[in-house]
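File shown: structure-v8.txt (compact mmCIF, N, CA and C atoms).
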# COMPACT_ATOMS: atom_id res chain seq x y z
N MET A 11 0.85 -1.18 0.00
CA MET A 11 0.00 0.00 0.00
C MET A 11 0.90 1.24 0.00
N ALA A 12 0.59 2.16 -0.90
CA ALA A 12 1.35 3.42 -0.97
C ALA A 12 0.81 4.39 0.07
N ASN A 13 1.70 5.06 0.76
CA ASN A 13 1.34 6.04 1.80
C ASN A 13 1.88 7.39 1.36
N PHE A 14 0.99 8.36 1.19
CA PHE A 14 1.39 9.68 0.74
C PHE A 14 1.00 10.75 1.75
N SER A 15 1.78 11.83 1.76
CA SER A 15 1.44 13.02 2.51
C SER A 15 1.17 14.12 1.48
N PRO A 16 -0.09 14.32 1.08
CA PRO A 16 -0.38 15.23 -0.02
C PRO A 16 -0.10 16.70 0.28
N PHE A 17 0.11 17.06 1.54
CA PHE A 17 0.40 18.45 1.87
C PHE A 17 1.65 18.96 1.13
N TRP A 18 2.55 18.07 0.76
CA TRP A 18 3.79 18.46 0.09
C TRP A 18 3.68 18.41 -1.43
N CYS A 19 2.48 18.30 -1.99
CA CYS A 19 2.29 18.15 -3.44
C CYS A 19 2.29 19.46 -4.19
N TYR A 20 3.28 20.25 -3.99
CA TYR A 20 3.46 21.43 -4.82
C TYR A 20 4.95 21.64 -5.01
N ALA A 21 5.33 22.29 -6.10
CA ALA A 21 6.73 22.41 -6.47
C ALA A 21 7.52 23.17 -5.41
N ASP A 22 8.48 22.48 -4.82
CA ASP A 22 9.31 23.15 -3.82
C ASP A 22 10.76 22.67 -3.88
N SER A 23 11.13 21.98 -4.94
CA SER A 23 12.52 21.54 -5.07
C SER A 23 12.93 21.65 -6.53
N SER A 24 14.07 21.10 -6.86
CA SER A 24 14.61 21.25 -8.21
C SER A 24 13.72 20.58 -9.25
N PRO A 25 13.65 21.14 -10.47
CA PRO A 25 12.80 20.57 -11.52
C PRO A 25 13.12 19.12 -11.84
N GLU A 26 14.39 18.74 -11.73
CA GLU A 26 14.77 17.36 -12.03
C GLU A 26 14.14 16.38 -11.04
N ARG A 27 14.02 16.80 -9.80
CA ARG A 27 13.45 15.93 -8.76
C ARG A 27 11.93 16.00 -8.74
N THR A 28 11.38 17.16 -9.00
CA THR A 28 9.93 17.31 -8.80
C THR A 28 9.09 16.49 -9.75
N VAL A 29 9.60 16.18 -10.95
CA VAL A 29 8.79 15.40 -11.89
C VAL A 29 8.61 13.96 -11.43
N LYS A 30 9.37 13.54 -10.44
CA LYS A 30 9.28 12.16 -9.95
C LYS A 30 8.62 12.06 -8.58
N GLN A 31 8.26 13.17 -7.99
CA GLN A 31 7.73 13.16 -6.64
C GLN A 31 6.21 13.23 -6.60
N TYR A 32 5.63 12.56 -5.62
CA TYR A 32 4.20 12.65 -5.31
C TYR A 32 3.31 12.38 -6.52
N ARG A 33 3.58 11.30 -7.19
CA ARG A 33 2.80 10.92 -8.37
C ARG A 33 1.57 10.12 -7.94
N ILE A 34 0.79 10.74 -7.07
CA ILE A 34 -0.38 10.09 -6.49
C ILE A 34 -1.39 9.71 -7.56
N GLY A 35 -1.61 10.59 -8.52
CA GLY A 35 -2.57 10.31 -9.58
C GLY A 35 -2.25 9.03 -10.33
N ASP A 36 -0.97 8.78 -10.59
CA ASP A 36 -0.58 7.54 -11.27
C ASP A 36 -0.95 6.32 -10.44
N PHE A 37 -0.72 6.38 -9.13
CA PHE A 37 -1.06 5.25 -8.26
C PHE A 37 -2.57 5.01 -8.27
N ILE A 38 -3.33 6.08 -8.15
CA ILE A 38 -4.79 5.93 -8.12
C ILE A 38 -5.30 5.35 -9.43
N LYS A 39 -4.81 5.88 -10.56
CA LYS A 39 -5.24 5.40 -11.87
C LYS A 39 -4.87 3.94 -12.10
N SER A 40 -3.78 3.48 -11.49
CA SER A 40 -3.34 2.09 -11.67
C SER A 40 -4.17 1.11 -10.85
N GLY A 41 -4.96 1.64 -9.92
CA GLY A 41 -5.75 0.76 -9.06
C GLY A 41 -5.01 0.34 -7.80
N ALA A 42 -3.82 0.87 -7.58
CA ALA A 42 -3.05 0.53 -6.38
C ALA A 42 -3.77 1.02 -5.14
N LYS A 43 -3.60 0.31 -4.05
CA LYS A 43 -4.16 0.75 -2.78
C LYS A 43 -3.27 1.87 -2.24
N TYR A 44 -3.91 2.86 -1.63
CA TYR A 44 -3.17 3.99 -1.10
C TYR A 44 -3.85 4.51 0.16
N CYS A 45 -3.08 5.20 0.93
CA CYS A 45 -3.63 5.92 2.08
C CYS A 45 -2.93 7.27 2.16
N LEU A 46 -3.56 8.19 2.86
CA LEU A 46 -3.02 9.53 3.00
C LEU A 46 -2.83 9.83 4.48
N GLY A 47 -1.82 10.63 4.78
CA GLY A 47 -1.56 11.03 6.15
C GLY A 47 -0.69 12.27 6.14
N SER A 48 0.00 12.49 7.24
CA SER A 48 0.87 13.67 7.35
C SER A 48 2.27 13.23 7.75
N ASP A 49 3.18 14.16 7.73
CA ASP A 49 4.53 13.94 8.23
C ASP A 49 4.68 14.62 9.58
N TRP A 50 3.60 14.67 10.35
CA TRP A 50 3.64 15.27 11.67
C TRP A 50 4.80 14.66 12.45
N PRO A 51 5.66 15.41 13.10
CA PRO A 51 5.54 16.82 13.45
C PRO A 51 6.25 17.80 12.51
N VAL A 52 6.77 17.34 11.38
CA VAL A 52 7.44 18.27 10.46
C VAL A 52 6.48 18.94 9.50
N SER A 53 5.22 18.54 9.56
CA SER A 53 4.19 19.07 8.68
C SER A 53 2.92 19.26 9.50
N THR A 54 1.88 19.66 8.86
CA THR A 54 0.61 19.81 9.55
C THR A 54 -0.08 18.46 9.69
N PHE A 55 -0.81 18.28 10.75
CA PHE A 55 -1.59 17.06 10.94
C PHE A 55 -3.03 17.24 10.46
N GLU A 56 -3.36 18.40 9.91
CA GLU A 56 -4.73 18.71 9.51
C GLU A 56 -5.06 18.14 8.13
N PRO A 57 -5.93 17.12 8.08
CA PRO A 57 -6.26 16.50 6.79
C PRO A 57 -6.85 17.47 5.77
N LEU A 58 -7.61 18.45 6.19
CA LEU A 58 -8.22 19.38 5.22
C LEU A 58 -7.16 20.13 4.43
N LEU A 59 -6.05 20.43 5.04
CA LEU A 59 -4.97 21.12 4.31
C LEU A 59 -4.34 20.18 3.28
N GLY A 60 -4.12 18.94 3.67
CA GLY A 60 -3.59 17.96 2.73
C GLY A 60 -4.55 17.70 1.59
N ILE A 61 -5.84 17.67 1.88
CA ILE A 61 -6.85 17.46 0.83
C ILE A 61 -6.77 18.60 -0.18
N GLU A 62 -6.73 19.83 0.30
CA GLU A 62 -6.68 20.96 -0.65
C GLU A 62 -5.45 20.89 -1.54
N VAL A 63 -4.28 20.69 -0.97
CA VAL A 63 -3.05 20.67 -1.77
C VAL A 63 -3.04 19.48 -2.72
N GLY A 64 -3.53 18.32 -2.27
CA GLY A 64 -3.58 17.16 -3.14
C GLY A 64 -4.54 17.34 -4.31
N VAL A 65 -5.60 18.09 -4.09
CA VAL A 65 -6.60 18.34 -5.13
C VAL A 65 -6.16 19.45 -6.09
N THR A 66 -5.54 20.49 -5.57
CA THR A 66 -5.15 21.62 -6.42
C THR A 66 -3.73 21.51 -6.95
N ARG A 67 -2.86 20.82 -6.21
CA ARG A 67 -1.43 20.73 -6.52
C ARG A 67 -0.79 22.13 -6.54
N LYS A 68 -1.28 22.98 -5.63
CA LYS A 68 -0.77 24.34 -5.48
C LYS A 68 -0.67 24.64 -3.99
N ALA A 69 0.01 25.72 -3.66
CA ALA A 69 0.10 26.14 -2.26
C ALA A 69 -1.30 26.47 -1.75
N LEU A 70 -1.49 26.36 -0.44
CA LEU A 70 -2.80 26.63 0.16
C LEU A 70 -3.37 27.98 -0.28
N GLY A 71 -4.62 27.98 -0.70
CA GLY A 71 -5.32 29.21 -1.05
C GLY A 71 -4.95 29.82 -2.37
N ASP A 72 -4.05 29.20 -3.13
CA ASP A 72 -3.59 29.78 -4.39
C ASP A 72 -4.62 29.56 -5.49
N SER A 73 -5.35 30.63 -5.82
CA SER A 73 -6.33 30.55 -6.90
C SER A 73 -5.86 31.32 -8.14
N ASN A 74 -4.64 31.81 -8.12
CA ASN A 74 -4.11 32.59 -9.23
C ASN A 74 -3.85 31.69 -10.43
N SER A 75 -4.54 31.96 -11.53
CA SER A 75 -4.38 31.14 -12.73
C SER A 75 -3.00 31.31 -13.36
N LYS A 76 -2.27 32.35 -12.96
CA LYS A 76 -0.91 32.54 -13.49
C LYS A 76 0.10 31.63 -12.78
N HIS A 77 -0.33 31.01 -11.69
CA HIS A 77 0.51 30.04 -10.98
C HIS A 77 0.04 28.65 -11.38
N PRO A 78 0.75 28.00 -12.27
CA PRO A 78 0.28 26.68 -12.71
C PRO A 78 0.36 25.64 -11.59
N ALA A 79 -0.54 24.70 -11.66
CA ALA A 79 -0.50 23.57 -10.71
C ALA A 79 0.75 22.75 -11.01
N TRP A 80 1.32 22.15 -9.98
CA TRP A 80 2.49 21.32 -10.13
C TRP A 80 2.05 19.91 -10.52
N LEU A 81 2.51 19.44 -11.66
CA LEU A 81 2.11 18.14 -12.20
C LEU A 81 0.59 17.97 -12.12
N PRO A 82 -0.15 18.81 -12.82
CA PRO A 82 -1.61 18.79 -12.71
C PRO A 82 -2.25 17.45 -13.04
N GLU A 83 -1.57 16.64 -13.85
CA GLU A 83 -2.13 15.32 -14.18
C GLU A 83 -2.11 14.38 -12.97
N GLN A 84 -1.44 14.79 -11.90
CA GLN A 84 -1.37 13.99 -10.68
C GLN A 84 -2.40 14.40 -9.63
N ARG A 85 -3.26 15.36 -9.97
CA ARG A 85 -4.28 15.80 -9.01
C ARG A 85 -5.19 14.64 -8.61
N MET A 86 -5.69 14.73 -7.39
CA MET A 86 -6.71 13.80 -6.90
C MET A 86 -8.04 14.54 -6.91
N SER A 87 -9.11 13.79 -6.94
CA SER A 87 -10.41 14.40 -6.71
C SER A 87 -10.60 14.54 -5.20
N VAL A 88 -11.55 15.36 -4.79
CA VAL A 88 -11.85 15.47 -3.36
C VAL A 88 -12.27 14.10 -2.83
N GLU A 89 -13.06 13.37 -3.60
CA GLU A 89 -13.50 12.04 -3.19
C GLU A 89 -12.32 11.10 -2.95
N GLU A 90 -11.35 11.12 -3.86
CA GLU A 90 -10.17 10.26 -3.71
C GLU A 90 -9.34 10.65 -2.49
N ALA A 91 -9.23 11.95 -2.24
CA ALA A 91 -8.48 12.41 -1.08
C ALA A 91 -9.17 12.03 0.23
N VAL A 92 -10.48 12.24 0.30
CA VAL A 92 -11.21 11.87 1.51
C VAL A 92 -11.11 10.36 1.74
N TRP A 93 -11.24 9.57 0.68
CA TRP A 93 -11.12 8.12 0.81
C TRP A 93 -9.74 7.75 1.37
N GLY A 94 -8.69 8.40 0.86
CA GLY A 94 -7.33 8.10 1.32
C GLY A 94 -7.11 8.39 2.79
N TYR A 95 -7.74 9.47 3.28
CA TYR A 95 -7.60 9.83 4.70
C TYR A 95 -8.51 8.99 5.60
N THR A 96 -9.53 8.37 5.05
CA THR A 96 -10.50 7.65 5.89
C THR A 96 -10.33 6.14 5.70
N LEU A 97 -11.02 5.57 4.73
CA LEU A 97 -10.99 4.13 4.55
C LEU A 97 -9.61 3.63 4.11
N GLY A 98 -8.92 4.41 3.29
CA GLY A 98 -7.56 4.00 2.89
C GLY A 98 -6.63 3.88 4.08
N SER A 99 -6.70 4.85 4.99
CA SER A 99 -5.86 4.79 6.18
C SER A 99 -6.28 3.66 7.12
N ALA A 100 -7.58 3.41 7.20
CA ALA A 100 -8.05 2.28 8.02
C ALA A 100 -7.52 0.97 7.43
N MET A 101 -7.53 0.84 6.11
CA MET A 101 -7.01 -0.36 5.47
C MET A 101 -5.52 -0.53 5.75
N ALA A 102 -4.77 0.56 5.75
CA ALA A 102 -3.33 0.49 6.02
C ALA A 102 -3.06 -0.05 7.43
N HIS A 103 -3.98 0.20 8.33
CA HIS A 103 -3.84 -0.27 9.72
C HIS A 103 -4.60 -1.57 9.97
N HIS A 104 -5.14 -2.17 8.91
CA HIS A 104 -5.88 -3.43 9.00
C HIS A 104 -7.06 -3.35 9.96
N CYS A 105 -7.73 -2.19 9.98
CA CYS A 105 -8.90 -2.04 10.86
C CYS A 105 -10.10 -1.48 10.09
N GLU A 106 -10.16 -1.74 8.78
CA GLU A 106 -11.26 -1.22 7.96
C GLU A 106 -12.62 -1.83 8.31
N LYS A 107 -12.64 -2.91 9.06
CA LYS A 107 -13.93 -3.48 9.49
C LYS A 107 -14.47 -2.77 10.71
N GLU A 108 -13.62 -1.97 11.38
CA GLU A 108 -14.03 -1.24 12.58
C GLU A 108 -14.18 0.26 12.36
N VAL A 109 -13.36 0.83 11.51
CA VAL A 109 -13.35 2.28 11.29
C VAL A 109 -13.10 2.59 9.81
N GLY A 110 -13.14 3.86 9.46
CA GLY A 110 -12.79 4.30 8.11
C GLY A 110 -13.96 4.72 7.25
N SER A 111 -15.16 4.31 7.65
CA SER A 111 -16.37 4.70 6.93
C SER A 111 -17.52 4.66 7.92
N ILE A 112 -18.59 5.36 7.57
CA ILE A 112 -19.76 5.39 8.44
C ILE A 112 -20.69 4.27 7.98
N GLU A 113 -20.69 3.19 8.76
CA GLU A 113 -21.51 2.02 8.45
C GLU A 113 -22.01 1.40 9.75
N GLU A 114 -23.13 0.73 9.65
CA GLU A 114 -23.67 0.04 10.81
C GLU A 114 -22.65 -0.98 11.32
N GLY A 115 -22.43 -0.96 12.63
CA GLY A 115 -21.50 -1.89 13.26
C GLY A 115 -20.09 -1.36 13.43
N LYS A 116 -19.78 -0.23 12.77
CA LYS A 116 -18.45 0.36 12.92
C LYS A 116 -18.47 1.41 14.03
N LYS A 117 -17.28 1.72 14.54
CA LYS A 117 -17.16 2.77 15.55
C LYS A 117 -17.60 4.10 14.96
N ALA A 118 -18.22 4.92 15.76
CA ALA A 118 -18.68 6.23 15.31
C ALA A 118 -17.52 7.22 15.41
N ASP A 119 -16.65 7.21 14.41
CA ASP A 119 -15.55 8.16 14.28
C ASP A 119 -15.92 9.08 13.13
N LEU A 120 -16.25 10.34 13.42
CA LEU A 120 -16.70 11.22 12.35
C LEU A 120 -16.54 12.68 12.74
N ILE A 121 -16.64 13.51 11.72
CA ILE A 121 -16.62 14.97 11.92
C ILE A 121 -17.78 15.57 11.16
N VAL A 122 -18.17 16.77 11.59
CA VAL A 122 -19.14 17.59 10.86
C VAL A 122 -18.43 18.90 10.54
N LEU A 123 -18.51 19.32 9.28
CA LEU A 123 -17.83 20.53 8.82
C LEU A 123 -18.83 21.66 8.62
N ASN A 124 -18.30 22.88 8.55
CA ASN A 124 -19.18 24.04 8.35
C ASN A 124 -19.56 24.25 6.88
N LYS A 125 -18.96 23.48 5.97
CA LYS A 125 -19.35 23.56 4.56
C LYS A 125 -19.03 22.24 3.87
N ASP A 126 -19.57 22.09 2.69
CA ASP A 126 -19.41 20.88 1.91
C ASP A 126 -18.13 20.98 1.08
N ILE A 127 -17.09 20.26 1.45
CA ILE A 127 -15.83 20.35 0.72
C ILE A 127 -15.92 19.71 -0.67
N PHE A 128 -16.96 18.94 -0.93
CA PHE A 128 -17.16 18.36 -2.26
C PHE A 128 -17.74 19.38 -3.23
N GLU A 129 -18.28 20.48 -2.70
CA GLU A 129 -18.94 21.49 -3.53
C GLU A 129 -18.23 22.85 -3.53
N CYS A 130 -17.41 23.14 -2.53
CA CYS A 130 -16.76 24.46 -2.47
C CYS A 130 -15.60 24.54 -3.46
N LYS A 131 -15.08 25.73 -3.66
CA LYS A 131 -13.93 25.91 -4.53
C LYS A 131 -12.74 25.19 -3.90
N PRO A 132 -12.01 24.38 -4.68
CA PRO A 132 -10.92 23.60 -4.10
C PRO A 132 -9.87 24.41 -3.35
N HIS A 133 -9.58 25.63 -3.83
CA HIS A 133 -8.56 26.44 -3.17
C HIS A 133 -9.08 27.10 -1.88
N GLU A 134 -10.32 26.79 -1.50
CA GLU A 134 -10.87 27.31 -0.25
C GLU A 134 -11.12 26.21 0.79
N ILE A 135 -10.74 24.98 0.48
CA ILE A 135 -10.96 23.89 1.43
C ILE A 135 -10.27 24.17 2.75
N HIS A 136 -9.10 24.80 2.72
CA HIS A 136 -8.36 25.05 3.96
C HIS A 136 -9.10 25.98 4.93
N LYS A 137 -10.10 26.70 4.45
CA LYS A 137 -10.88 27.60 5.31
C LYS A 137 -11.99 26.86 6.06
N THR A 138 -12.20 25.60 5.75
CA THR A 138 -13.26 24.81 6.35
C THR A 138 -12.98 24.59 7.83
N LYS A 139 -14.03 24.68 8.64
CA LYS A 139 -13.91 24.50 10.09
C LYS A 139 -14.61 23.21 10.52
N VAL A 140 -13.99 22.52 11.46
CA VAL A 140 -14.61 21.35 12.06
C VAL A 140 -15.53 21.84 13.17
N LEU A 141 -16.81 21.50 13.07
CA LEU A 141 -17.79 21.92 14.07
C LEU A 141 -18.05 20.85 15.13
N MET A 142 -17.88 19.59 14.73
CA MET A 142 -18.12 18.50 15.66
C MET A 142 -17.17 17.36 15.34
N ASN A 143 -16.68 16.73 16.40
CA ASN A 143 -15.75 15.61 16.25
C ASN A 143 -16.17 14.52 17.22
N MET A 144 -16.36 13.31 16.70
CA MET A 144 -16.75 12.18 17.53
C MET A 144 -15.76 11.04 17.27
N VAL A 145 -15.26 10.44 18.35
CA VAL A 145 -14.36 9.30 18.23
C VAL A 145 -14.94 8.16 19.06
N ASP A 146 -15.14 7.04 18.42
CA ASP A 146 -15.72 5.85 19.06
C ASP A 146 -17.02 6.19 19.78
N GLY A 147 -17.80 7.08 19.17
CA GLY A 147 -19.10 7.45 19.72
C GLY A 147 -19.05 8.49 20.81
N LYS A 148 -17.87 8.96 21.16
CA LYS A 148 -17.73 9.97 22.21
C LYS A 148 -17.49 11.34 21.59
N MET A 149 -18.31 12.30 21.98
CA MET A 149 -18.18 13.67 21.46
C MET A 149 -16.95 14.32 22.08
N LEU A 150 -16.00 14.72 21.21
CA LEU A 150 -14.79 15.41 21.68
C LEU A 150 -14.86 16.91 21.43
N LEU A 151 -15.62 17.30 20.43
CA LEU A 151 -15.79 18.72 20.11
C LEU A 151 -17.21 18.90 19.62
N ASN A 152 -17.87 19.93 20.12
CA ASN A 152 -19.22 20.24 19.64
C ASN A 152 -19.39 21.75 19.64
N GLU A 153 -19.27 22.36 18.46
CA GLU A 153 -19.46 23.80 18.30
C GLU A 153 -20.62 24.06 17.35
N MET A 154 -21.58 23.15 17.34
CA MET A 154 -22.73 23.29 16.44
C MET A 154 -23.81 24.13 17.08
Written as structure tokens, how would this file's structure read?
Amino acid sequence: MANFSPFWCYADSSPERTVKQYRIGDFIKSGAKYCLGSDWPVSTFEPLLGIEVGVTRKALGDSNSKHPAWLPEQRMSVEEAVWGYTLGSAMAHHCEKEVGSIEEGKKADLIVLNKDIFECKPHEIHKTKVLMNMVDGKMLLNEM
């Protein structure tokens, strides 16, 4: 299973190296299993930031059309990114029967957001706020 940290999916090193880095789109198109995570503590642990960068292949909030996406053919859809952070990560830990998706019989691990990240502008995903967080059925945050 391939494990990627999509937060780093924008050009930040030499051109010779960047064409070979973070080719997540190729893995997804090949049907390979993948999961997404962070390089915490050297990076952010916030999945929404990784989702935005993985989807746009640009720095957070960059909507400037004069700034091309880095390897745009490697972009993920929001659906693919969410899957990688949820069920893909559960599969990597061999616990997909207990967590990773909202299904009867699984632990209630979920969040509620202040907007629909599947419908908002991709370069604005990082502005999304978590309003509620539940882990194993226990409310850890409730700002609803």
Using only C-alpha atoms, which residues sit within 10 Å of Lys125 in chain A once same-chain residues fewer than 2 positions away are excluded, as a PDB file with N, CA and C atoms, keeping the file's coordinate frame?
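The file below, selection_28.pdb, is the result:
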ATOM      1  N   VAL A 122     -18.170  16.770  11.590  1.00  0.00           N
ATOM      2  CA  VAL A 122     -19.140  17.590  10.860  1.00  0.00           C
ATOM      3  C   VAL A 122     -18.430  18.900  10.540  1.00  0.00           C
ATOM      4  N   LEU A 123     -18.510  19.320   9.280  1.00  0.00           N
ATOM      5  CA  LEU A 123     -17.830  20.530   8.820  1.00  0.00           C
ATOM      6  C   LEU A 123     -18.830  21.660   8.620  1.00  0.00           C
ATOM      7  N   ILE A 127     -17.090  20.260   1.450  1.00  0.00           N
ATOM      8  CA  ILE A 127     -15.830  20.350   0.720  1.00  0.00           C
ATOM      9  C   ILE A 127     -15.920  19.710  -0.670  1.00  0.00           C
ATOM     10  N   PHE A 128     -16.960  18.940  -0.930  1.00  0.00           N
ATOM     11  CA  PHE A 128     -17.160  18.360  -2.260  1.00  0.00           C
ATOM     12  C   PHE A 128     -17.740  19.380  -3.230  1.00  0.00           C
ATOM     13  N   GLU A 129     -18.280  20.480  -2.700  1.00  0.00           N
ATOM     14  CA  GLU A 129     -18.940  21.490  -3.530  1.00  0.00           C
ATOM     15  C   GLU A 129     -18.230  22.850  -3.530  1.00  0.00           C
ATOM     16  N   CYS A 130     -17.410  23.140  -2.530  1.00  0.00           N
ATOM     17  CA  CYS A 130     -16.760  24.460  -2.470  1.00  0.00           C
ATOM     18  C   CYS A 130     -15.600  24.540  -3.460  1.00  0.00           C
ATOM     19  N   ILE A 135     -10.740  24.980   0.480  1.00  0.00           N
ATOM     20  CA  ILE A 135     -10.960  23.890   1.430  1.00  0.00           C
ATOM     21  C   ILE A 135     -10.270  24.170   2.750  1.00  0.00           C
ATOM     22  N   LYS A 137     -10.100  26.700   4.450  1.00  0.00           N
ATOM     23  CA  LYS A 137     -10.880  27.600   5.310  1.00  0.00           C
ATOM     24  C   LYS A 137     -11.990  26.860   6.060  1.00  0.00           C
ATOM     25  N   THR A 138     -12.200  25.600   5.750  1.00  0.00           N
ATOM     26  CA  THR A 138     -13.260  24.810   6.350  1.00  0.00           C
ATOM     27  C   THR A 138     -12.980  24.590   7.830  1.00  0.00           C
ATOM     28  N   LYS A 139     -14.030  24.680   8.640  1.00  0.00           N
ATOM     29  CA  LYS A 139     -13.910  24.500  10.090  1.00  0.00           C
ATOM     30  C   LYS A 139     -14.610  23.210  10.520  1.00  0.00           C
ATOM     31  N   VAL A 140     -13.990  22.520  11.460  1.00  0.00           N
ATOM     32  CA  VAL A 140     -14.610  21.350  12.060  1.00  0.00           C
ATOM     33  C   VAL A 140     -15.530  21.840  13.170  1.00  0.00           C
ATOM     34  N   LEU A 141     -16.810  21.500  13.070  1.00  0.00           N
ATOM     35  CA  LEU A 141     -17.790  21.920  14.070  1.00  0.00           C
ATOM     36  C   LEU A 141     -18.050  20.850  15.130  1.00  0.00           C
TER      37      LEU A 141
END
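Here atom C of Lys117 in chain A is placed at a distance of 8.5 Å from CA of Met144 in chain A.
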Selected residue, from A:Pro57, A:Pro132, A:Gly98, A:Gly115, that lies nearest to Gly71 in chain A when counting only C-alpha atoms: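 Of A:Pro57, A:Pro132, A:Gly98, A:Gly115, the one nearest Gly71 in chain A is A:Pro132, counting only C-alpha atoms.
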Using DSSP on the backbone, list every residue of chain A that comes out as alpha helix (DSSP H), and give them as an MDAnalysis selection string. chainID A and resid 25:28 34:40 57:66 88:95 97:102
Might you pull out every residue within 6.5 Å of Phe17 in chain A, with all atoms listed in the file counted and same-chain residues fewer than 3 positions away left off, and present them as a short mmCIF file (atom, residue, chain, number, x, y, z; two decimals) with N, CA and C atoms, in the frame of the given file?
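Result saved to part_6.cif:
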data_model
loop_
_atom_site.label_atom_id
_atom_site.label_comp_id
_atom_site.auth_asym_id
_atom_site.auth_seq_id
_atom_site.Cartn_x
_atom_site.Cartn_y
_atom_site.Cartn_z
N PHE A 14 0.99 8.36 1.19
CA PHE A 14 1.39 9.68 0.74
C PHE A 14 1.00 10.75 1.75
N TYR A 20 3.28 20.25 -3.99
CA TYR A 20 3.46 21.43 -4.82
C TYR A 20 4.95 21.64 -5.01
N LEU A 59 -6.05 20.43 5.04
CA LEU A 59 -4.97 21.12 4.31
C LEU A 59 -4.34 20.18 3.28
N GLY A 60 -4.12 18.94 3.67
CA GLY A 60 -3.59 17.96 2.73
C GLY A 60 -4.55 17.70 1.59
N ILE A 61 -5.84 17.67 1.88
CA ILE A 61 -6.85 17.46 0.83
C ILE A 61 -6.77 18.60 -0.18
N VAL A 63 -4.28 20.69 -0.97
CA VAL A 63 -3.05 20.67 -1.77
C VAL A 63 -3.04 19.48 -2.72
N GLY A 64 -3.53 18.32 -2.27
CA GLY A 64 -3.58 17.16 -3.14
C GLY A 64 -4.54 17.34 -4.31
#
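With only C-alpha atoms taken into account, the protein and nucleic acid residues at most 8 Å from range 34-39 of chain A (excluding it and anything under 5 positions from it in its own chain) are A:Ala12, A:Phe14, A:Tyr44, A:Glu83, A:Gln84, A:Arg85, A:Met86.
Between atom N of Cys45 in chain A and CA of Met11 in chain A the interatomic distance comes to 6.1 Å.
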Which residues are near Leu46 in chain A? Cut-off 7 Å, all atoms listed in the file, ignore same chain within fewer than 6 positions. Put them as a VMD selection string. chain A and resid 12 to 16 93 to 96 98 to 99
